[in-house]
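Novice: Questions regarding the structure given below will be posed in turn.
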Amino acid sequence: MQDHQLAEAGLWEGIVQYPPEFIEKYIAKGYWIGQTISEFFNECAQKYAKNTAVISAEEHLSYAELKRQVDQFSAYLEQKGYQAGDSLVIQLPNIIEFFIAYFASIGIGMRPVMSLPAHRHAEVSHFIAQTEAKLYICAERHSGFDYRTLARECRQRCPSLQQVIVVGEPEEFDPWPDVSAFPEQHAGAPNITARHVAFFQLSGGSTGTPKLIPRTHDDYLYSVRASAEICQLDETSKMLMALPAAHNFSLSSAGSLGLFFAGGTLVLAKEPSPNTCFALIEKHRISHAALVPALAAKWAETVQQGAANIFAGLKALQVGGARLPDALARQLIEEYGCRLQQVFGMAEGLVNYTRYDDSAESIISTQGSRISADDEIKIVDDEDRELAAGEVGHLLTRGPYTIRGYFKADEHNRKAFTRDGFYRTGDLVRMTEDGNIIVEGRSKDQINRGGEKIATEEVEQALNLHPQVMQSALVAMPDRMLGEKSCAFIQWRREEKDPSLSRLSMQLRQHVRTFGLATFKIPDHIEFIEDMPYTALGKIDKKELRQRLIQASN
Ligand code: AMP
Ligand code: DBH
């Protein structure tokens with residue numbers, strides 16, 4: 001094979017491609033327009049050059065100014081020797097550097113992994129190892145955590161890692177470079193087409209560590225443009241980004257990319273508390289914001305306690321990531337005059353929105369309808385048989401922006417996708433007569449802790465490594481604020497000098513922390529039991545364990 005053929009083959013390694021007939025269809029229908037994310041960004045920057053693109057604290061950047069910094073950062077990356085197909089992990093809080101790193105790396109064909117600030121070294125080193133990432137970009141610290149300690153851990157574990165860039169005080173690592181002297185011209189990524197993978201999104205998953213989701217330029221941008229239209233964004237839109245910028249919801253539903261497509265202004269919030277965000281909403285006359293239900297509840301509580309009703313002034317408040325209780329939806333609309341939009345999406349693809357002109361009852365009680373008429377949706381029973389209209393079943397989906405497989409995960413893909421390429425979402429849903437989806441529950445072994453997904457198996461594996469743990473089972477327990485929290489049931493080994501159980505509890509939490517899992521994965525509650533309950537098949541009976549928790553709380 002020629003060099004360029006080898007390089008081309010490398011770009012598809014570990015990636016399940018769309019079948020040719022689907023590619024044809026998505027192009028013919030005008031969903032896939034052959035534009036890369038860099039071309040998209042350049043077009044936005046040209047069209048809206050003078051508009052303010054991003055505001056962070058006191059810093060305001062126009063589209064033209066942002067583009068200049070992106071191009072210079074691309075030139076810097078090129079000078080460092082990075083090439084198309086190389087990966088990097090970006091783990092930044094909501095600061096402008098996130099967008100510079102994202103667009104600049106994609107601009108030279110690198111493939112960034114969208115790590116969240118909550119991830120710790122077990123997750124980040126897994127992302128680096130899976131993608132053989134050469135570069136890791138983080139901030140000095142955020143929310144009291146020092147990412148340089150994480151970087152040290154990753155450097156020890158990950159031979160592929162060549163460089164660490166730290167925004168802030170870098171210590172032994174590289175500082176965020178001053179690129180002002182760099183040229184705006186760079187070679188770009190001539191071999192990358194819109195059909196190639198642009199970056200890796202992450203999934204909460206239900207087995208092991210978070211799965212990497214390869215998203216192509218074509219498929220992602222289709223969802224972005226369509227979302228911007230559904231959300232009616234335009235040049236006057238001012239969007240507050242309170243959730244982590246790297247999350248699929250924040251990036252694409254309609255998110256920052258949807259906003260850039262429309263020429264609006266993005267206002268970055270350091271963290272999502274009412275204290276920080278209410279002030280930003282008033283100061284910048286924010287029109288759009290997106291939250292998870294737990295935060296919507298907190299914001300509502302703050303208004304109830306006498307803060308200004310910021311809900312009434314928004315053109316839209318999106319809530320998604322976890323099931324929004326009907327009562328809270330009703331309160332937001334009826335008490336606070338909020339224009340609510342429910343969003344039910346997944347980093348793997350499919351996104352559903354309630355539309356602004358849906359009836360109030362639909363917006364209160366459903367999670368909306370698909371973006372595209374070509375989002376194929378099936379609701380099936382345990383044997384994959386389609387159910388009658390209105391019945392609750394497993395949601396399967398396939399479409400112009402839903403992946404056909406996780407990255408380098410052949411074995412898992414055989415379970416997570418049907419033979420004909422439908423993604424098994426693991427959600428239990430039903431469809432109303434007018435085509436709206438209601439999320440009724442979940443079949444995947446995952447806990448949704450206020451929108452942060454925990455694959456129970458990952459935490460159990462960590463717990464099981466503790467010498468005093470014989471077996472563990474992590475289950476969801478109902479929580480008023482977060483919707484769900486996690487409870488670990490532990491069958492433990494007695495030792496001669498048995499510590500008290502409350503002491504062992506603390507040790508187990510510390511054990512999970514030291515293992516390097518994201519903080520939200522540390523069990524909220526620990527229960528010690530003598531014997532695990534089992535199903536007829538001999539699996540741990542989690543249903544029974546959840547039942548015990550509910551009974552104990554009554
Ligand atoms: P992930 O695959 O990690 O991106 O997480 C997507 C999952 O989050 C979905 O499959 C649902 O389980 C859950 N989810 C997202 N939005 C909603 C929502 N509005 N209501 C209920 N569950 C949601
Ligand atoms: O939870 C999610 O992953 C999610 C929620 C809303 C998502 O990926 C999205 C919208 O795009």
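Residues are named by chain letter and number: chains run A, B, ... in the order of the structure tokens, numbers start at 1 in each chain, and ligands are numbered from 1 in the order shown.
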Given only C-alpha atoms and all ligand atoms, how would the per-residue table for chain A near ligand 2 read, listing every residue at most 7 Å away with its closest atom pair and distance in Å to one decimal, sorted by chain and number, as a Markdown table?
Specialist:
```
| residue | atom | partner | partner_atom_place_in_ligand_line | distance |
| --- | --- | --- | --- | --- |
| A:His247 | CA | ligand 2 | 8 (O) | 6.9 |
| A:Asn248 | CA | ligand 2 | 8 (O) | 4.4 |
| A:Phe249 | CA | ligand 2 | 9 (C) | 3.6 |
| A:Ser252 | CA | ligand 2 | 11 (O) | 6.1 |
| A:Ser253 | CA | ligand 2 | 11 (O) | 5.0 |
| A:Gly320 | CA | ligand 2 | 6 (C) | 4.8 |
| A:Gly321 | CA | ligand 2 | 1 (O) | 3.4 |
| A:Ala322 | CA | ligand 2 | 1 (O) | 6.4 |
| A:Val343 | CA | ligand 2 | 6 (C) | 5.1 |
| A:Phe344 | CA | ligand 2 | 6 (C) | 4.9 |
| A:Gly345 | CA | ligand 2 | 9 (C) | 3.7 |
| A:Met346 | CA | ligand 2 | 8 (O) | 3.4 |
| A:Ala347 | CA | ligand 2 | 8 (O) | 3.9 |
| A:Val351 | CA | ligand 2 | 11 (O) | 5.7 |
| A:Gly451 | CA | ligand 2 | 1 (O) | 6.1 |
```
Novice: Identify, on the basis of only C-alpha atoms, every residue whose closest approach to Leu202 (chain A) does not exceed 7 Å; exclude the query and any residue fewer than 4 positions from it along the same chain; express the result as number ranges by chain.
Specialist: A: 114, 210-213, 347
Novice: Output C-alpha atoms of each residue in that selection to a file, as a PDB file, in the first residue's frame.
Specialist:
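Resulting contents of result_16.pdb:
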```pdb
ATOM      1  CA  MET A 114     -14.336  15.312  24.898  1.00  0.00           C
ATOM      2  CA  PRO A 210     -17.032   5.078  29.272  1.00  0.00           C
ATOM      3  CA  LYS A 211     -17.263   4.230  25.577  1.00  0.00           C
ATOM      4  CA  LEU A 212     -15.748   6.413  22.875  1.00  0.00           C
ATOM      5  CA  ILE A 213     -18.220   7.596  20.276  1.00  0.00           C
ATOM      6  CA  ALA A 347     -24.062  11.272  22.616  1.00  0.00           C
TER       7      ALA A 347
END
```
Novice: Could you pull the residues within 12 Å of Ala269 (chain A), counting only C-alpha atoms, minus those fewer than 2 positions along the same chain, as a ChimeraX atom specification?
Specialist: /A:54-58,93-96,239-245,266-267,271-281,284,286,289-290
Novice: Can you pull out every residue within 10 Å of region 178-195 of chain A, counting only C-alpha atoms, but drop anything in the same chain fewer than 5 positions away, and send it as a VMD selection string?
Specialist: chain A and resid 4 7 to 8 11 17 to 18 23 32 to 39 67 to 79 83 to 85 104 to 110 215 to 221
Novice: Please identify which residues in region 215-333 of chain A DSSP calls strand (DSSP E) from the backbone, and express them as a list in words.
Specialist: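 Reading the DSSP output for region 215-333 of chain A, strand (DSSP E) covers Arg215, Thr216, Lys238, Met239, Leu240, Met241, Thr265, Leu266, Val267, Leu268, His288, Ala289, Ala290, Leu291, Ala316, Leu317, Gln318, Val319 and Gly320 of chain A.
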Novice: If we count only C-alpha atoms, what is near Ala312 (chain A) at a cut-off of 9 Å, once residues fewer than 2 positions away on the same chain are taken out, given as a list in words?
Specialist: Asn309, Ile310, Leu314, Lys315, Tyr336, Gly337, Cys338 and Arg339 of chain A
Novice: Name all residues at most 12 Å from Val469 (chain A) (count only C-alpha atoms; drop same-chain ones fewer than 6 positions away) and give them as a PDB file with all heavy atoms, in the first residue's frame.
Specialist:
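Result went into selection02.pdb, see below:
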```pdb
ATOM      1  N   GLU A 460     -18.511  -1.238  40.355  1.00  0.00           N
ATOM      2  CA  GLU A 460     -18.439  -2.539  41.034  1.00  0.00           C
ATOM      3  C   GLU A 460     -17.057  -3.163  40.857  1.00  0.00           C
ATOM      4  O   GLU A 460     -16.478  -3.695  41.801  1.00  0.00           O
ATOM      5  CB  GLU A 460     -19.517  -3.491  40.479  1.00  0.00           C
ATOM      6  CG  GLU A 460     -20.926  -3.076  40.904  1.00  0.00           C
ATOM      7  CD  GLU A 460     -22.020  -3.638  40.008  1.00  0.00           C
ATOM      8  OE1 GLU A 460     -21.702  -4.399  39.059  1.00  0.00           O
ATOM      9  OE2 GLU A 460     -23.195  -3.311  40.250  1.00  0.00           O
ATOM     10  N   GLN A 461     -16.524  -3.045  39.646  1.00  0.00           N
ATOM     11  CA  GLN A 461     -15.185  -3.608  39.406  1.00  0.00           C
ATOM     12  C   GLN A 461     -14.150  -2.946  40.320  1.00  0.00           C
ATOM     13  O   GLN A 461     -13.267  -3.610  40.849  1.00  0.00           O
ATOM     14  CB  GLN A 461     -14.782  -3.410  37.945  1.00  0.00           C
ATOM     15  CG  GLN A 461     -15.416  -4.433  37.021  1.00  0.00           C
ATOM     16  CD  GLN A 461     -15.180  -4.117  35.548  1.00  0.00           C
ATOM     17  OE1 GLN A 461     -14.594  -3.086  35.220  1.00  0.00           O
ATOM     18  NE2 GLN A 461     -15.649  -4.993  34.678  1.00  0.00           N
ATOM     19  N   ALA A 462     -14.296  -1.648  40.491  1.00  0.00           N
ATOM     20  CA  ALA A 462     -13.360  -0.936  41.374  1.00  0.00           C
ATOM     21  C   ALA A 462     -13.547  -1.398  42.821  1.00  0.00           C
ATOM     22  O   ALA A 462     -12.578  -1.699  43.527  1.00  0.00           O
ATOM     23  CB  ALA A 462     -13.556   0.570  41.259  1.00  0.00           C
ATOM     24  N   LEU A 463     -14.801  -1.480  43.254  1.00  0.00           N
ATOM     25  CA  LEU A 463     -15.081  -1.905  44.643  1.00  0.00           C
ATOM     26  C   LEU A 463     -14.562  -3.316  44.901  1.00  0.00           C
ATOM     27  O   LEU A 463     -13.977  -3.593  45.956  1.00  0.00           O
ATOM     28  CB  LEU A 463     -16.587  -1.864  44.913  1.00  0.00           C
ATOM     29  CG  LEU A 463     -17.212  -0.478  45.106  1.00  0.00           C
ATOM     30  CD1 LEU A 463     -18.734  -0.563  45.027  1.00  0.00           C
ATOM     31  CD2 LEU A 463     -16.775   0.142  46.437  1.00  0.00           C
ATOM     32  N   ALA A 488     -24.212   1.347  47.086  1.00  0.00           N
ATOM     33  CA  ALA A 488     -23.446   0.115  46.878  1.00  0.00           C
ATOM     34  C   ALA A 488     -23.818  -0.892  47.964  1.00  0.00           C
ATOM     35  O   ALA A 488     -23.691  -0.589  49.153  1.00  0.00           O
ATOM     36  CB  ALA A 488     -21.955   0.411  46.924  1.00  0.00           C
ATOM     37  N   PHE A 489     -24.313  -2.044  47.547  1.00  0.00           N
ATOM     38  CA  PHE A 489     -24.507  -3.144  48.494  1.00  0.00           C
ATOM     39  C   PHE A 489     -23.220  -3.960  48.514  1.00  0.00           C
ATOM     40  O   PHE A 489     -22.709  -4.353  47.460  1.00  0.00           O
ATOM     41  CB  PHE A 489     -25.679  -4.033  48.059  1.00  0.00           C
ATOM     42  CG  PHE A 489     -27.020  -3.436  48.387  1.00  0.00           C
ATOM     43  CD1 PHE A 489     -27.653  -2.587  47.491  1.00  0.00           C
ATOM     44  CD2 PHE A 489     -27.631  -3.724  49.601  1.00  0.00           C
ATOM     45  CE1 PHE A 489     -28.880  -2.031  47.799  1.00  0.00           C
ATOM     46  CE2 PHE A 489     -28.871  -3.169  49.915  1.00  0.00           C
ATOM     47  CZ  PHE A 489     -29.499  -2.319  49.010  1.00  0.00           C
ATOM     48  N   ILE A 490     -22.725  -4.173  49.715  1.00  0.00           N
ATOM     49  CA  ILE A 490     -21.424  -4.844  49.844  1.00  0.00           C
ATOM     50  C   ILE A 490     -21.559  -6.112  50.675  1.00  0.00           C
ATOM     51  O   ILE A 490     -22.052  -6.071  51.814  1.00  0.00           O
ATOM     52  CB  ILE A 490     -20.391  -3.918  50.559  1.00  0.00           C
ATOM     53  CG1 ILE A 490     -20.275  -2.567  49.861  1.00  0.00           C
ATOM     54  CG2 ILE A 490     -19.050  -4.622  50.721  1.00  0.00           C
ATOM     55  CD1 ILE A 490     -19.493  -2.570  48.578  1.00  0.00           C
ATOM     56  N   GLN A 491     -21.140  -7.213  50.097  1.00  0.00           N
ATOM     57  CA  GLN A 491     -20.983  -8.435  50.884  1.00  0.00           C
ATOM     58  C   GLN A 491     -19.501  -8.491  51.231  1.00  0.00           C
ATOM     59  O   GLN A 491     -18.660  -8.533  50.329  1.00  0.00           O
ATOM     60  CB  GLN A 491     -21.398  -9.623  50.031  1.00  0.00           C
ATOM     61  CG  GLN A 491     -21.558 -10.892  50.820  1.00  0.00           C
ATOM     62  CD  GLN A 491     -21.935 -12.056  49.908  1.00  0.00           C
ATOM     63  OE1 GLN A 491     -22.130 -11.887  48.699  1.00  0.00           O
ATOM     64  NE2 GLN A 491     -22.027 -13.224  50.474  1.00  0.00           N
ATOM     65  N   TRP A 492     -19.204  -8.409  52.518  1.00  0.00           N
ATOM     66  CA  TRP A 492     -17.799  -8.191  52.864  1.00  0.00           C
ATOM     67  C   TRP A 492     -17.154  -9.399  53.534  1.00  0.00           C
ATOM     68  O   TRP A 492     -17.833 -10.284  54.056  1.00  0.00           O
ATOM     69  CB  TRP A 492     -17.680  -6.925  53.720  1.00  0.00           C
ATOM     70  CG  TRP A 492     -18.027  -7.055  55.186  1.00  0.00           C
ATOM     71  CD1 TRP A 492     -17.158  -7.030  56.221  1.00  0.00           C
ATOM     72  CD2 TRP A 492     -19.337  -7.223  55.763  1.00  0.00           C
ATOM     73  NE1 TRP A 492     -17.828  -7.164  57.398  1.00  0.00           N
ATOM     74  CE2 TRP A 492     -19.163  -7.283  57.156  1.00  0.00           C
ATOM     75  CE3 TRP A 492     -20.624  -7.337  55.247  1.00  0.00           C
ATOM     76  CZ2 TRP A 492     -20.226  -7.442  58.043  1.00  0.00           C
ATOM     77  CZ3 TRP A 492     -21.689  -7.510  56.124  1.00  0.00           C
ATOM     78  CH2 TRP A 492     -21.481  -7.554  57.490  1.00  0.00           C
ATOM     79  N   ARG A 493     -15.835  -9.409  53.471  1.00  0.00           N
ATOM     80  CA  ARG A 493     -15.054 -10.466  54.117  1.00  0.00           C
ATOM     81  C   ARG A 493     -14.742 -10.016  55.527  1.00  0.00           C
ATOM     82  O   ARG A 493     -14.196  -8.936  55.730  1.00  0.00           O
ATOM     83  CB  ARG A 493     -13.700 -10.600  53.419  1.00  0.00           C
ATOM     84  CG  ARG A 493     -13.668 -11.514  52.274  1.00  0.00           C
ATOM     85  CD  ARG A 493     -12.238 -11.570  51.743  1.00  0.00           C
ATOM     86  NE  ARG A 493     -12.238 -11.175  50.334  1.00  0.00           N
ATOM     87  CZ  ARG A 493     -12.630 -11.979  49.359  1.00  0.00           C
ATOM     88  NH1 ARG A 493     -13.020 -13.204  49.621  1.00  0.00           N
ATOM     89  NH2 ARG A 493     -12.629 -11.565  48.122  1.00  0.00           N
ATOM     90  N   ARG A 494     -15.049 -10.862  56.465  1.00  0.00           N
ATOM     91  CA  ARG A 494     -14.726 -10.500  57.843  1.00  0.00           C
ATOM     92  C   ARG A 494     -13.246 -10.771  58.076  1.00  0.00           C
ATOM     93  O   ARG A 494     -12.718 -11.767  57.626  1.00  0.00           O
ATOM     94  CB  ARG A 494     -15.546 -11.327  58.809  1.00  0.00           C
ATOM     95  CG  ARG A 494     -16.975 -10.895  58.790  1.00  0.00           C
ATOM     96  CD  ARG A 494     -17.850 -11.922  59.506  1.00  0.00           C
ATOM     97  NE  ARG A 494     -19.235 -11.655  59.146  1.00  0.00           N
ATOM     98  CZ  ARG A 494     -19.947 -10.679  59.679  1.00  0.00           C
ATOM     99  NH1 ARG A 494     -19.429  -9.875  60.608  1.00  0.00           N
ATOM    100  NH2 ARG A 494     -21.196 -10.488  59.304  1.00  0.00           N
ATOM    101  N   GLU A 495     -12.627  -9.858  58.766  1.00  0.00           N
ATOM    102  CA  GLU A 495     -11.219 -10.078  59.104  1.00  0.00           C
ATOM    103  C   GLU A 495     -11.096 -10.085  60.612  1.00  0.00           C
ATOM    104  O   GLU A 495     -12.003  -9.650  61.316  1.00  0.00           O
ATOM    105  CB  GLU A 495     -10.365  -8.964  58.478  1.00  0.00           C
ATOM    106  CG  GLU A 495     -10.277  -9.158  56.985  1.00  0.00           C
ATOM    107  CD  GLU A 495      -9.353  -8.155  56.319  1.00  0.00           C
ATOM    108  OE1 GLU A 495      -8.951  -7.190  57.002  1.00  0.00           O
ATOM    109  OE2 GLU A 495      -9.068  -8.350  55.135  1.00  0.00           O
ATOM    110  N   LEU A 504     -15.287   1.129  57.463  1.00  0.00           N
ATOM    111  CA  LEU A 504     -15.087   0.407  56.202  1.00  0.00           C
ATOM    112  C   LEU A 504     -15.765   1.154  55.048  1.00  0.00           C
ATOM    113  O   LEU A 504     -15.234   1.242  53.943  1.00  0.00           O
ATOM    114  CB  LEU A 504     -15.637  -1.021  56.324  1.00  0.00           C
ATOM    115  CG  LEU A 504     -15.451  -1.952  55.109  1.00  0.00           C
ATOM    116  CD1 LEU A 504     -14.007  -2.023  54.662  1.00  0.00           C
ATOM    117  CD2 LEU A 504     -15.976  -3.357  55.426  1.00  0.00           C
ATOM    118  N   SER A 505     -16.928   1.723  55.376  1.00  0.00           N
ATOM    119  CA  SER A 505     -17.634   2.544  54.407  1.00  0.00           C
ATOM    120  C   SER A 505     -16.751   3.674  53.882  1.00  0.00           C
ATOM    121  O   SER A 505     -16.640   3.904  52.674  1.00  0.00           O
ATOM    122  CB  SER A 505     -18.798   3.183  55.138  1.00  0.00           C
ATOM    123  OG  SER A 505     -19.952   3.038  54.531  1.00  0.00           O
ATOM    124  N   GLN A 507     -13.540   3.846  54.052  1.00  0.00           N
ATOM    125  CA  GLN A 507     -12.394   3.284  53.320  1.00  0.00           C
ATOM    126  C   GLN A 507     -12.778   2.928  51.884  1.00  0.00           C
ATOM    127  O   GLN A 507     -11.996   3.121  50.956  1.00  0.00           O
ATOM    128  CB  GLN A 507     -11.882   2.017  54.019  1.00  0.00           C
ATOM    129  CG  GLN A 507     -11.108   2.307  55.287  1.00  0.00           C
ATOM    130  CD  GLN A 507     -10.774   1.031  56.050  1.00  0.00           C
ATOM    131  OE1 GLN A 507     -11.083  -0.082  55.604  1.00  0.00           O
ATOM    132  NE2 GLN A 507     -10.164   1.191  57.211  1.00  0.00           N
ATOM    133  N   LEU A 508     -13.987   2.415  51.711  1.00  0.00           N
ATOM    134  CA  LEU A 508     -14.412   2.006  50.368  1.00  0.00           C
ATOM    135  C   LEU A 508     -14.575   3.226  49.462  1.00  0.00           C
ATOM    136  O   LEU A 508     -14.207   3.202  48.289  1.00  0.00           O
ATOM    137  CB  LEU A 508     -15.723   1.215  50.438  1.00  0.00           C
ATOM    138  CG  LEU A 508     -15.586  -0.193  51.018  1.00  0.00           C
ATOM    139  CD1 LEU A 508     -16.951  -0.866  51.117  1.00  0.00           C
ATOM    140  CD2 LEU A 508     -14.651  -1.042  50.172  1.00  0.00           C
ATOM    141  N   HIS A 511     -11.267   4.308  48.529  1.00  0.00           N
ATOM    142  CA  HIS A 511     -10.719   3.326  47.581  1.00  0.00           C
ATOM    143  C   HIS A 511     -11.162   3.660  46.154  1.00  0.00           C
ATOM    144  O   HIS A 511     -10.355   3.635  45.217  1.00  0.00           O
ATOM    145  CB  HIS A 511     -11.194   1.928  48.001  1.00  0.00           C
ATOM    146  CG  HIS A 511     -10.969   0.862  46.989  1.00  0.00           C
ATOM    147  ND1 HIS A 511      -9.749   0.255  46.797  1.00  0.00           N
ATOM    148  CD2 HIS A 511     -11.815   0.296  46.088  1.00  0.00           C
ATOM    149  CE1 HIS A 511      -9.854  -0.641  45.832  1.00  0.00           C
ATOM    150  NE2 HIS A 511     -11.097  -0.625  45.375  1.00  0.00           N
ATOM    151  N   PHE A 528     -24.174  -2.733  53.977  1.00  0.00           N
ATOM    152  CA  PHE A 528     -23.490  -4.026  54.091  1.00  0.00           C
ATOM    153  C   PHE A 528     -24.527  -5.126  54.257  1.00  0.00           C
ATOM    154  O   PHE A 528     -25.473  -4.966  55.033  1.00  0.00           O
ATOM    155  CB  PHE A 528     -22.537  -3.998  55.289  1.00  0.00           C
ATOM    156  CG  PHE A 528     -21.389  -3.047  55.058  1.00  0.00           C
ATOM    157  CD1 PHE A 528     -21.459  -1.726  55.503  1.00  0.00           C
ATOM    158  CD2 PHE A 528     -20.254  -3.454  54.372  1.00  0.00           C
ATOM    159  CE1 PHE A 528     -20.411  -0.844  55.267  1.00  0.00           C
ATOM    160  CE2 PHE A 528     -19.204  -2.574  54.129  1.00  0.00           C
ATOM    161  CZ  PHE A 528     -19.285  -1.261  54.583  1.00  0.00           C
ATOM    162  N   ILE A 529     -24.369  -6.191  53.493  1.00  0.00           N
ATOM    163  CA  ILE A 529     -25.312  -7.307  53.648  1.00  0.00           C
ATOM    164  C   ILE A 529     -24.566  -8.631  53.761  1.00  0.00           C
ATOM    165  O   ILE A 529     -23.464  -8.790  53.250  1.00  0.00           O
ATOM    166  CB  ILE A 529     -26.349  -7.394  52.500  1.00  0.00           C
ATOM    167  CG1 ILE A 529     -25.683  -7.339  51.120  1.00  0.00           C
ATOM    168  CG2 ILE A 529     -27.387  -6.294  52.605  1.00  0.00           C
ATOM    169  CD1 ILE A 529     -26.662  -7.571  49.993  1.00  0.00           C
ATOM    170  N   GLU A 530     -25.229  -9.558  54.449  1.00  0.00           N
ATOM    171  CA  GLU A 530     -24.618 -10.875  54.682  1.00  0.00           C
ATOM    172  C   GLU A 530     -24.662 -11.716  53.411  1.00  0.00           C
ATOM    173  O   GLU A 530     -23.698 -12.388  53.080  1.00  0.00           O
ATOM    174  CB  GLU A 530     -25.383 -11.619  55.787  1.00  0.00           C
ATOM    175  CG  GLU A 530     -25.489 -10.858  57.105  1.00  0.00           C
ATOM    176  CD  GLU A 530     -24.277 -11.126  58.006  1.00  0.00           C
ATOM    177  OE1 GLU A 530     -23.637 -12.172  57.811  1.00  0.00           O
ATOM    178  OE2 GLU A 530     -23.981 -10.274  58.865  1.00  0.00           O
TER     179      GLU A 530
END
```
Novice: Ranking A:Glu458, A:Asp358, A:Glu43, A:Asp384 by minimum distance to Gly435 (chain A) and counting only C-alpha atoms, which one comes first?
Specialist: A:Asp358
Novice: Hey, what's within 7 Å of Cys487 (chain A) if we count only C-alpha atoms and toss same-chain stuff fewer than 5 positions away? As a PyMOL selection string, please?
Specialist: chain A and resi 474-477+523-526
Novice: When distances are computed from only C-alpha atoms, which of A:Arg480, A:Arg424, A:Arg330, A:Lys298 shows the smallest separation from Glu348 (chain A)?
Specialist: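 Under the stated criterion, the closest residue is A:Arg424.
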Novice: Looking at A:Asp381, A:Glu376, A:Asp326, A:Glu335, which one is nearest to ligand 1, with distances taken over only C-alpha atoms and all ligand atoms?
Specialist: A:Asp326
Novice: So how far away is CA of Gly255 (chain A) from CA of His196 (chain A), in Å?
Specialist: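 Atom-to-atom, CA of His196 (chain A) and CA of Gly255 (chain A) are spaced 22.0 Å apart.
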Novice: Restricting the calculation to only C-alpha atoms, which member of A:Leu332, A:Val380, A:Val89, A:Ile540 is positioned closest to Phe199 (chain A)?
Specialist: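 Ranking A:Leu332, A:Val380, A:Val89, A:Ile540 by distance to Phe199 (chain A), first place goes to A:Val89.
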Novice: How would you write, as a PyMOL selection string, the set of residues in region 98-134 of chain A that DSSP gives as helix (DSSP H, G or I)?
Specialist: chain A and resi 98-107+121-131
Novice: Write the residues of the selection above to a file with N, CA, C and O atoms, as a compact mmCIF listing (two decimals), in the first residue's frame.
Specialist:
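Done, and the output landed in part.txt:
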```txt
# COMPACT_ATOMS: atom_id res chain seq x y z
N PHE A 98 -11.26 26.11 25.66
CA PHE A 98 -11.92 24.87 25.22
C PHE A 98 -12.24 24.95 23.73
O PHE A 98 -11.96 24.01 22.97
N PHE A 99 -12.81 26.07 23.30
CA PHE A 99 -13.23 26.19 21.90
C PHE A 99 -12.03 26.34 20.97
O PHE A 99 -12.04 25.83 19.85
N ILE A 100 -11.00 27.02 21.45
CA ILE A 100 -9.79 27.15 20.64
C ILE A 100 -9.17 25.77 20.42
O ILE A 100 -8.85 25.38 19.30
N ALA A 101 -9.04 25.02 21.51
CA ALA A 101 -8.43 23.68 21.39
C ALA A 101 -9.28 22.77 20.50
O ALA A 101 -8.74 22.02 19.67
N TYR A 102 -10.58 22.87 20.65
CA TYR A 102 -11.49 22.01 19.88
C TYR A 102 -11.38 22.31 18.38
O TYR A 102 -11.08 21.42 17.57
N PHE A 103 -11.60 23.56 17.99
CA PHE A 103 -11.59 23.89 16.56
C PHE A 103 -10.19 23.81 15.96
O PHE A 103 -10.03 23.39 14.82
N ALA A 104 -9.18 24.20 16.73
CA ALA A 104 -7.82 24.20 16.18
C ALA A 104 -7.33 22.78 15.93
O ALA A 104 -6.70 22.50 14.90
N SER A 105 -7.61 21.87 16.85
CA SER A 105 -7.12 20.51 16.65
C SER A 105 -7.88 19.84 15.50
O SER A 105 -7.28 19.19 14.64
N ILE A 106 -9.18 20.05 15.44
CA ILE A 106 -9.96 19.50 14.33
C ILE A 106 -9.48 20.11 13.00
O ILE A 106 -9.44 19.44 11.97
N GLY A 107 -9.05 21.37 13.09
CA GLY A 107 -8.59 22.08 11.91
C GLY A 107 -7.40 21.43 11.22
O GLY A 107 -7.20 21.60 10.02
N HIS A 121 -8.25 10.09 36.84
CA HIS A 121 -7.22 9.45 36.02
C HIS A 121 -7.62 8.09 35.44
O HIS A 121 -7.13 7.72 34.38
N ALA A 122 -8.52 7.36 36.10
CA ALA A 122 -8.90 6.06 35.52
C ALA A 122 -9.57 6.29 34.16
O ALA A 122 -9.28 5.59 33.19
N GLU A 123 -10.46 7.28 34.11
CA GLU A 123 -11.15 7.53 32.85
C GLU A 123 -10.22 8.16 31.83
O GLU A 123 -10.14 7.71 30.68
N VAL A 124 -9.50 9.21 32.24
CA VAL A 124 -8.68 9.95 31.28
C VAL A 124 -7.59 9.05 30.70
O VAL A 124 -7.34 9.06 29.49
N SER A 125 -6.95 8.23 31.54
CA SER A 125 -5.88 7.39 30.99
C SER A 125 -6.47 6.33 30.05
O SER A 125 -5.84 5.94 29.08
N HIS A 126 -7.69 5.93 30.31
CA HIS A 126 -8.37 5.02 29.38
C HIS A 126 -8.61 5.69 28.02
O HIS A 126 -8.38 5.09 26.97
N PHE A 127 -9.03 6.95 28.05
CA PHE A 127 -9.26 7.67 26.78
C PHE A 127 -7.95 7.81 26.00
O PHE A 127 -7.90 7.64 24.78
N ILE A 128 -6.88 8.13 26.74
CA ILE A 128 -5.58 8.30 26.09
C ILE A 128 -5.12 6.97 25.48
O ILE A 128 -4.70 6.91 24.33
N ALA A 129 -5.26 5.90 26.28
CA ALA A 129 -4.81 4.60 25.80
C ALA A 129 -5.61 4.14 24.58
O ALA A 129 -5.04 3.69 23.58
N GLN A 130 -6.93 4.29 24.65
CA GLN A 130 -7.78 3.81 23.55
C GLN A 130 -7.50 4.52 22.24
O GLN A 130 -7.55 3.92 21.18
N THR A 131 -7.23 5.82 22.32
CA THR A 131 -7.04 6.59 21.08
C THR A 131 -5.56 6.80 20.79
O THR A 131 -5.22 7.48 19.83
```
Novice: Pick the closest to ligand 1 from A:Ile363, A:Ala64, A:Leu545, A:Met506: which is it, counting only C-alpha atoms and all ligand atoms?
Specialist: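 Distance minimum relative to ligand 1 lands on A:Ile363.
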